[in-house]
$ cat run.cif   # mmCIF, C-alpha atoms
data_structure
#
loop_
_atom_site.label_atom_id
_atom_site.label_comp_id
_atom_site.auth_asym_id
_atom_site.auth_seq_id
_atom_site.Cartn_x
_atom_site.Cartn_y
_atom_site.Cartn_z
CA MET A 27 -2.66 -10.91 -28.39
CA LEU A 28 -0.60 -9.54 -25.49
CA PHE A 29 -3.74 -8.63 -23.56
CA ARG A 30 -5.17 -12.09 -24.12
CA SER A 31 -1.99 -13.67 -22.77
CA LEU A 32 -2.41 -11.72 -19.53
CA LEU A 33 -5.90 -13.05 -18.87
CA PRO A 34 -4.86 -16.58 -17.82
CA LEU A 35 -2.38 -15.07 -15.38
CA ALA A 36 -5.15 -13.00 -13.83
CA PHE A 37 -7.35 -16.06 -13.43
CA VAL A 38 -4.49 -18.01 -11.84
CA ALA A 39 -4.01 -15.20 -9.31
CA ILE A 40 -7.70 -15.22 -8.45
CA ALA A 41 -7.86 -19.00 -8.14
CA ALA A 42 -4.81 -19.10 -5.88
CA ALA A 43 -5.91 -16.00 -3.95
CA ALA A 44 -2.58 -14.37 -4.70
CA PRO A 45 -2.50 -10.57 -4.57
CA ILE A 46 -4.29 -9.33 -7.70
CA SER A 47 -2.69 -6.49 -9.66
CA ASP A 48 -4.87 -3.45 -10.33
CA TRP A 49 -4.07 -0.33 -12.38
CA PHE A 50 -7.34 1.26 -11.21
CA LEU A 51 -8.62 1.95 -14.73
CA GLY A 52 -12.06 3.48 -15.17
CA ASN A 53 -14.36 5.13 -12.66
CA THR A 54 -15.28 2.25 -10.34
CA LEU A 55 -13.14 0.30 -7.89
CA ALA A 56 -13.22 -3.42 -8.69
CA ALA A 57 -15.79 -4.74 -6.21
CA GLY A 58 -14.76 -8.34 -6.77
CA VAL A 59 -11.18 -7.51 -5.78
CA TRP A 60 -11.36 -4.76 -3.17
CA THR A 61 -13.40 -4.14 -0.02
CA VAL A 62 -13.52 -0.55 1.26
CA LEU A 63 -13.33 0.45 4.94
CA THR A 64 -14.13 4.14 5.40
CA PRO A 65 -14.47 5.10 9.09
CA LEU A 66 -15.37 8.62 10.28
CA GLY A 67 -16.17 10.13 6.90
CA GLY A 68 -13.21 8.64 5.03
CA THR A 69 -13.54 7.91 1.32
CA ALA A 70 -11.93 5.67 -1.29
CA ALA A 71 -12.92 6.51 -4.87
CA GLN A 72 -11.53 5.45 -8.23
CA SER A 73 -11.56 7.89 -11.15
CA SER A 74 -10.04 8.67 -14.53
CA PRO A 75 -7.21 9.35 -15.16
CA PRO A 76 -6.33 6.00 -13.57
CA GLY A 77 -6.02 5.86 -9.80
CA VAL A 78 -7.90 5.39 -6.54
CA THR A 79 -7.87 8.27 -4.06
CA ILE A 80 -7.90 7.18 -0.41
CA ALA A 81 -8.78 10.11 1.84
CA ALA A 82 -8.81 10.65 5.61
CA PRO A 83 -10.65 13.93 6.26
CA GLY A 84 -9.56 16.52 8.79
CA GLY A 85 -11.18 17.12 12.14
CA ALA A 86 -11.19 13.43 13.12
CA ILE A 87 -8.52 10.85 13.97
CA HIS A 88 -8.09 7.92 11.55
CA ASP A 89 -5.38 6.11 13.52
CA PRO A 90 -3.79 3.66 14.06
CA LEU A 91 -3.14 2.37 10.56
CA VAL A 92 -4.42 -1.12 11.29
CA THR A 93 -7.74 -0.26 12.97
CA GLY A 94 -8.67 3.37 12.35
CA ALA A 95 -7.38 4.11 8.86
CA VAL A 96 -9.28 4.55 5.62
CA THR A 97 -8.56 1.29 3.83
CA ILE A 98 -9.04 -0.79 0.71
CA LYS A 99 -8.30 -4.49 1.13
CA GLN A 100 -8.27 -7.73 -0.82
CA THR A 101 -8.43 -11.27 0.50
CA VAL A 102 -5.30 -13.34 -0.13
CA ALA A 103 -3.97 -16.78 0.71
CA ASN A 104 -1.42 -17.32 3.47
CA THR A 105 1.52 -17.55 1.05
CA ASP A 106 4.61 -15.60 0.01
CA PHE A 107 4.06 -12.34 -1.88
CA ASN A 108 5.96 -9.48 -3.50
CA VAL A 109 3.84 -6.41 -4.22
CA ILE A 110 4.37 -2.80 -5.27
CA PHE A 111 2.14 0.22 -5.04
CA GLN A 112 2.67 3.84 -6.07
CA ILE A 113 1.60 6.87 -4.05
CA GLN A 114 1.12 10.34 -5.49
CA THR A 115 0.94 12.73 -2.53
CA THR A 116 3.27 13.39 0.40
CA PRO A 117 1.76 13.03 3.89
CA THR A 118 0.50 16.31 5.35
CA GLY A 119 2.30 17.95 8.27
CA GLY A 120 1.46 20.43 10.98
CA THR A 121 1.98 21.06 14.68
CA ASN A 122 1.30 17.87 16.67
CA ASN A 123 0.02 16.26 13.47
CA PHE A 124 0.82 12.84 12.02
CA SER A 125 -0.18 11.24 8.73
CA ALA A 126 0.82 8.11 6.87
CA VAL A 127 0.09 5.83 3.94
CA GLY A 128 0.92 2.17 4.16
CA ILE A 129 0.42 -1.41 3.08
CA LEU A 130 -0.46 -4.15 5.54
CA ALA A 131 -0.31 -7.94 5.59
CA TYR A 132 -3.11 -8.66 8.05
CA GLN A 133 -4.33 -11.55 10.19
CA ASP A 134 -6.21 -9.63 12.88
CA ASP A 135 -5.83 -6.46 14.96
CA SER A 136 -3.10 -8.10 17.08
CA ASN A 137 -1.11 -9.79 14.28
CA TYR A 138 0.04 -7.97 11.14
CA ALA A 139 2.99 -6.45 9.30
CA THR A 140 3.16 -3.13 7.50
CA ALA A 141 5.39 -0.91 5.38
CA ASN A 142 4.37 2.73 5.68
CA TYR A 143 5.57 6.19 4.72
CA GLN A 144 4.78 8.78 7.35
CA LEU A 145 5.25 12.38 8.44
CA THR A 146 5.33 13.43 12.07
CA GLY A 147 5.09 17.17 12.72
CA THR A 148 6.41 19.36 9.91
CA SER A 149 9.62 17.67 8.75
CA ALA A 150 10.14 14.19 10.26
CA TYR A 151 9.62 11.86 7.29
CA ASN A 152 10.13 8.15 7.92
CA PHE A 153 9.70 4.91 6.00
CA LEU A 154 8.93 2.09 8.41
CA LEU A 155 8.80 -1.68 8.31
CA GLN A 156 6.82 -2.91 11.30
CA ASN A 157 5.35 -6.15 12.54
CA THR A 158 3.02 -6.81 15.42
CA VAL A 159 2.62 -10.32 16.81
CA ALA A 160 0.38 -10.94 19.81
CA SER A 161 0.12 -7.13 20.17
CA VAL A 162 3.91 -6.67 20.50
CA THR A 163 5.38 -4.35 17.81
CA THR A 164 8.87 -4.33 16.28
CA SER A 165 9.98 -1.51 13.94
CA THR A 166 12.79 -0.82 11.48
CA THR A 167 12.99 2.80 10.30
CA LEU A 168 14.54 4.50 7.30
CA SER A 169 14.63 8.20 8.22
CA ARG A 170 14.29 10.68 5.38
CA GLY A 171 14.39 14.40 4.74
CA SER A 172 11.63 16.65 3.48
CA GLY A 173 12.82 16.58 -0.13
CA ASP A 174 11.34 13.33 -1.41
CA THR A 175 9.85 13.73 -4.88
CA PHE A 176 6.48 12.16 -5.54
CA PRO A 177 5.25 9.81 -6.83
CA LEU A 178 6.97 7.18 -4.68
CA TRP A 179 6.91 3.41 -5.07
CA ILE A 180 6.72 1.07 -2.08
CA ASN A 181 7.74 -2.59 -2.39
CA PHE A 182 6.52 -4.98 0.33
CA SER A 183 7.41 -8.67 0.38
CA ARG A 184 7.07 -11.84 2.40
CA ILE A 185 9.15 -15.01 2.09
CA SER A 186 8.01 -17.62 4.59
CA ASN A 187 7.78 -15.52 7.78
CA VAL A 188 10.33 -12.89 6.68
CA PHE A 189 9.02 -9.46 5.66
CA GLY A 190 10.93 -6.80 3.73
CA ALA A 191 10.26 -3.27 2.45
CA LYS A 192 11.88 -1.01 -0.15
CA LEU A 193 11.29 2.55 -1.35
CA SER A 194 11.86 4.02 -4.81
CA SER A 195 11.47 7.37 -6.56
CA ASN A 196 11.33 5.84 -10.04
CA GLY A 197 10.07 2.27 -9.72
CA THR A 198 13.40 0.72 -10.74
CA SER A 199 16.07 1.83 -8.21
CA TRP A 200 15.23 0.76 -4.66
CA THR A 201 16.39 1.67 -1.15
CA ASP A 202 15.98 -1.04 1.47
CA VAL A 203 14.39 -0.01 4.74
CA GLY A 204 17.46 -1.38 6.49
CA GLY A 205 16.84 -5.07 7.03
CA THR A 206 14.08 -7.64 7.25
CA GLN A 207 11.82 -8.79 10.06
CA THR A 208 10.62 -12.23 11.00
CA ALA A 209 7.03 -12.52 12.17
CA ALA A 210 4.91 -15.67 12.33
CA PHE A 211 1.19 -15.17 11.73
CA THR A 212 -1.47 -16.14 9.18
CA VAL A 213 -2.01 -13.54 6.47
CA ASN A 214 -5.60 -13.35 5.22
CA SER A 215 -5.66 -9.92 3.51
CA ILE A 216 -3.49 -7.25 1.95
CA ARG A 217 -4.55 -3.66 2.76
CA LEU A 218 -3.71 -0.16 1.49
CA ALA A 219 -4.45 2.42 4.16
CA VAL A 220 -4.27 6.17 4.87
CA ASP A 221 -4.36 7.60 8.39
CA ASN A 222 -4.01 10.90 10.24
CA TYR A 223 -3.69 11.94 13.88
CA ASN A 224 -3.42 15.02 16.06
CA ASN A 225 -3.10 15.39 19.83
CA THR A 226 -6.36 17.34 19.55
CA ALA A 227 -8.79 15.37 17.40
CA GLY A 228 -10.56 18.45 16.06
CA SER A 229 -7.24 19.85 14.77
CA THR A 230 -6.36 16.77 12.74
CA VAL A 231 -5.20 17.71 9.21
CA ALA A 232 -6.79 15.98 6.23
CA TYR A 233 -4.62 13.65 4.18
CA ALA A 234 -5.42 11.97 0.86
CA THR A 235 -3.26 10.24 -1.69
CA LYS A 236 -3.93 8.73 -5.10
CA VAL A 237 -2.66 5.20 -5.65
CA ASN A 238 -1.89 4.75 -9.34
CA LEU A 239 -1.12 1.06 -9.31
CA PHE A 240 -1.02 -2.05 -7.17
CA CYS A 241 1.20 -4.72 -8.69
CA ASN A 242 1.85 -8.36 -7.91
CA ALA A 243 5.57 -8.52 -8.75
CA SER A 244 6.19 -12.10 -7.57
CA GLY A 245 8.72 -14.04 -9.61
CA THR A 246 10.87 -11.05 -10.55
CA THR A 247 14.36 -10.45 -9.19
CA THR A 248 14.02 -6.69 -9.72
CA PRO A 249 10.40 -5.65 -9.17
CA VAL A 250 8.92 -4.46 -12.45
CA CYS A 251 5.26 -3.67 -13.08
CA ILE A 252 3.52 -3.54 -16.46
CA PRO A 253 2.89 0.14 -17.26
CA LYS A 254 -0.65 1.43 -17.52
CA THR A 255 0.02 2.56 -21.11
CA LEU A 256 -0.14 -1.10 -22.14
CA PHE A 257 -3.88 -1.11 -21.62
CA ARG A 258 -4.61 2.15 -23.40
CA SER A 259 -3.95 0.62 -26.82
CA VAL A 260 -6.32 -2.29 -26.27
CA THR A 261 -9.66 -2.29 -28.06
CA PHE A 262 -12.44 -4.25 -26.34
#
$ encode --input "run.cif" --output "C-alpha cells"
Amino acid sequence: MLFRSLLPLAFVAIAAAAPISDWFLGNTLAAGVWTVLTPLGGTAAQSSPPGVTIAAPGGAIHDPLVTGAVTIKQTVANTDFNVIFQIQTTPTGGTNNFSAVGILAYQDDSNYATANYQLTGTSAYNFLLQNTVASVTTSTTLSRGSGDTFPLWINFSRISNVFGAKLSSNGTSWTDVGGTQTAAFTVNSIRLAVDNYNNTAGSTVAYATKVNLFCNASGTTTPVCIPKTLFRSVTF
C-alpha cells in the first residue's frame, strides 16, 4: 500500500518536470529520467548494490565542472527546488591535482549555479556554493579539513532566484555553506557531475564516486529522504 501511495507523487513530479528522486536501484540508469554526458573516456554506470558510479579517468582533464565533467542530468522546469544527493568517495588528491563532485542548476554554459565538494592538492578540502551569470562567477566557500567521513550528503536548494547549499555527514544534521546567493537565470536541467584537473593533463588523477541517492526533498523543513530499505520489502 505504501509503495502504491508513492506512485502518484512520482507521476506528479514527472508531469510538472520537478526533480525526480532516484535511489538508483537495479543495474540500469533510468533512461527516461537521466541523460549521460561522458567526455574523454568518462563513464556513468548504475549497479547493484544500489548506486550510480560517475567516473572521470586519469590522464585527461575533465574540467570545468559545467562543461568538461562526467555528468548525469535530468530536465526540470524553471521552478523552486530542494534536492539532496549522497556521495560515497572523497575526491582524490595529488601534487597540482584537483577533483570535485557537484550538483548544478543549469541554463547554459554562461548561466548556472552549483554546490560542489572539492579537493585541491593533497589537503585543501572545500565545499563551495557558486553561481555564474553572464559568465561572471560568485563563490561562497566552507573550508574543511582532511578528516571528513564518507558518505556525505549535499543539499542544494533554490527559492525564487536565491540558491543555498548545506553539507551533512549523516543526512539529518546540516552545516550551511555560509550564506545564500542570488542569481537570476532560467534553470532547464539539474546535473550531477565529477571532474578532475592537473596542471599537466597526462598527470591527472582519476576520480570516481558512487551516488547512492538523489532525492527531491521539497516541502520539508528539515530535508529527509525515504531510505532505500523501503523498496527492498516490496514485491512486484
$ atom_distance --input "run.cif" --atom1 "CA of Thr121 in chain A" --atom2 "CA of Asn222 in chain A"
12.6 Å
$ closest_residue --input "run.cif" --among "A:Thr175, A:Cys251, A:Ala219, A:Tyr132" --to "Gly94 in chain A" --atoms "all atoms listed in the file"
A:Ala219
$ resolve_selection --input "run.cif" --expression "the PyMOL selection byres ((chain A and resi 201) around 10)" --output "list in words"
Leu168, Ile180, Asn181, Ala191, Lys192, Leu193, Ser194, Ser195, Ser199, Trp200, Asp202, Val203 and Gly204 of chain A
$ atom_distance --input "run.cif" --atom1 "CA of Leu218 in chain A" --atom2 "CA of Ile129 in chain A"
4.6 Å
$ resolve_selection --input "run.cif" --expression "the PyMOL selection byres ((chain A and resi 79-89) around 9)" --output "VMD selection string"
chain A and resid 64 to 73 77 to 78 90 to 98 125 218 to 224 226 to 238
$ axis_aligned_box --input "run.cif" --around "range 122-131 of chain A" --padding-each-side "3 Å" --output "AutoDock Vina command-line options"
--center_x 0.4 --center_y 5.0 --center_z 9.9 --size_x 7.8 --size_y 31.8 --size_z 19.6
$ closest_residue --input "run.cif" --among "A:Phe176, A:Phe153, A:Phe240, A:Tyr143" --to "Ile46 in chain A" --atoms "all atoms listed in the file"
A:Phe240
$ residues_near_point --input "run.cif" --point "(-4.6, -3.9, 14.7)" --cutoff "12 Å" --atoms "only C-alpha atoms" --output "NGL selection string"
:A and (89-95 or 130-140 or 156-163 or 217)
$ resolve_selection --input "run.cif" --expression "the PyMOL selection byres ((chain A and resi 212) around 7)" --output "ChimeraX atom specification"
/A:104,133,211,213-214
$ atom_distance --input "run.cif" --atom1 "CA of Phe124 in chain A" --atom2 "CA of Val109 in chain A"
25.4 Å
$ closest_residue --input "run.cif" --among "A:Gly147, A:Gly120, A:Gly205, A:Gly128" --to "Trp179 in chain A" --atoms "all atoms listed in the file"
A:Gly128
$ residues_around --input "run.cif" --residues "Thr148 in chain A" --least-positions-apart "2" --cutoff "8 Å" --atoms "all atoms listed in the file" --output "PyMOL selection string"
chain A and resi 119-121+123+145-146+150
$ decode --input "run.cif" --residues "range 118-199 of chain A" --atoms "C-alpha atoms" --output "compact mmCIF listing (two decimals), in the first residue's frame"
# COMPACT_ATOMS: atom_id res chain seq x y z
CA THR A 118 41.39 12.31 -4.96
CA GLY A 119 44.43 14.48 -4.23
CA GLY A 120 47.97 14.78 -5.52
CA THR A 121 50.54 17.38 -6.49
CA ASN A 122 48.95 20.05 -8.71
CA ASN A 123 45.80 17.93 -8.86
CA PHE A 124 42.18 18.96 -8.39
CA SER A 125 39.00 16.90 -8.25
CA ALA A 126 35.39 17.60 -7.35
CA VAL A 127 31.86 16.27 -7.30
CA GLY A 128 28.95 18.64 -7.57
CA ILE A 129 25.36 19.39 -8.43
CA LEU A 130 24.40 22.07 -10.92
CA ALA A 131 21.27 24.05 -11.74
CA TYR A 132 21.93 24.80 -15.40
CA GLN A 133 20.66 27.15 -18.09
CA ASP A 134 23.68 27.21 -20.41
CA ASP A 135 27.48 27.33 -20.19
CA SER A 136 27.37 31.00 -19.12
CA ASN A 137 24.49 30.81 -16.61
CA TYR A 138 24.32 28.22 -13.82
CA ALA A 139 24.67 27.60 -10.09
CA THR A 140 26.45 24.75 -8.36
CA ALA A 141 27.21 23.24 -4.97
CA ASN A 142 30.38 21.15 -5.08
CA TYR A 143 32.77 19.35 -2.77
CA GLN A 144 36.36 19.57 -3.95
CA LEU A 145 39.97 18.80 -3.12
CA THR A 146 42.86 20.93 -4.33
CA GLY A 147 46.33 19.43 -3.90
CA THR A 148 46.64 16.98 -1.01
CA SER A 149 44.71 18.56 1.85
CA ALA A 150 42.66 21.62 0.81
CA TYR A 151 39.06 20.39 1.05
CA ASN A 152 36.33 22.92 0.31
CA PHE A 153 32.56 22.93 -0.04
CA LEU A 154 31.51 25.67 -2.44
CA LEU A 155 28.30 27.39 -3.43
CA GLN A 156 28.86 29.17 -6.74
CA ASN A 157 26.79 30.93 -9.35
CA THR A 158 27.74 32.19 -12.77
CA VAL A 159 25.56 34.72 -14.57
CA ALA A 160 26.62 36.07 -17.96
CA SER A 161 29.99 34.32 -17.40
CA VAL A 162 30.69 36.19 -14.13
CA THR A 163 31.19 33.85 -11.13
CA THR A 164 30.48 34.45 -7.43
CA SER A 165 31.59 31.93 -4.78
CA THR A 166 30.90 31.21 -1.11
CA THR A 167 33.28 28.67 0.46
CA LEU A 168 33.10 26.45 3.51
CA SER A 169 36.69 25.33 4.11
CA ARG A 170 37.18 21.89 5.64
CA GLY A 171 39.94 19.65 6.91
CA SER A 172 41.03 16.28 5.61
CA GLY A 173 39.02 14.30 8.17
CA ASP A 174 35.55 14.26 6.62
CA THR A 175 33.93 10.85 6.91
CA PHE A 176 32.14 9.49 3.88
CA PRO A 177 29.42 9.12 2.77
CA LEU A 178 28.48 12.80 2.71
CA TRP A 179 25.11 14.36 1.89
CA ILE A 180 24.80 17.57 -0.13
CA ASN A 181 21.62 19.65 -0.01
CA PHE A 182 21.08 22.18 -2.82
CA SER A 183 18.06 24.48 -2.98
CA ARG A 184 16.51 27.32 -4.92
CA ILE A 185 13.77 29.69 -3.76
CA SER A 186 12.94 32.21 -6.46
CA ASN A 187 16.43 33.34 -7.51
CA VAL A 188 18.11 32.51 -4.17
CA PHE A 189 20.36 29.44 -4.03
CA GLY A 190 21.58 27.69 -0.89
CA ALA A 191 23.80 24.70 -0.05
CA LYS A 192 24.31 22.51 3.02
CA LEU A 193 26.59 19.61 3.89
CA SER A 194 25.93 16.68 6.23
CA SER A 195 27.75 13.57 7.47
CA ASN A 196 24.56 11.77 8.46
CA GLY A 197 21.71 13.15 6.35
CA THR A 198 19.96 14.82 9.30
CA SER A 199 22.37 17.39 10.81
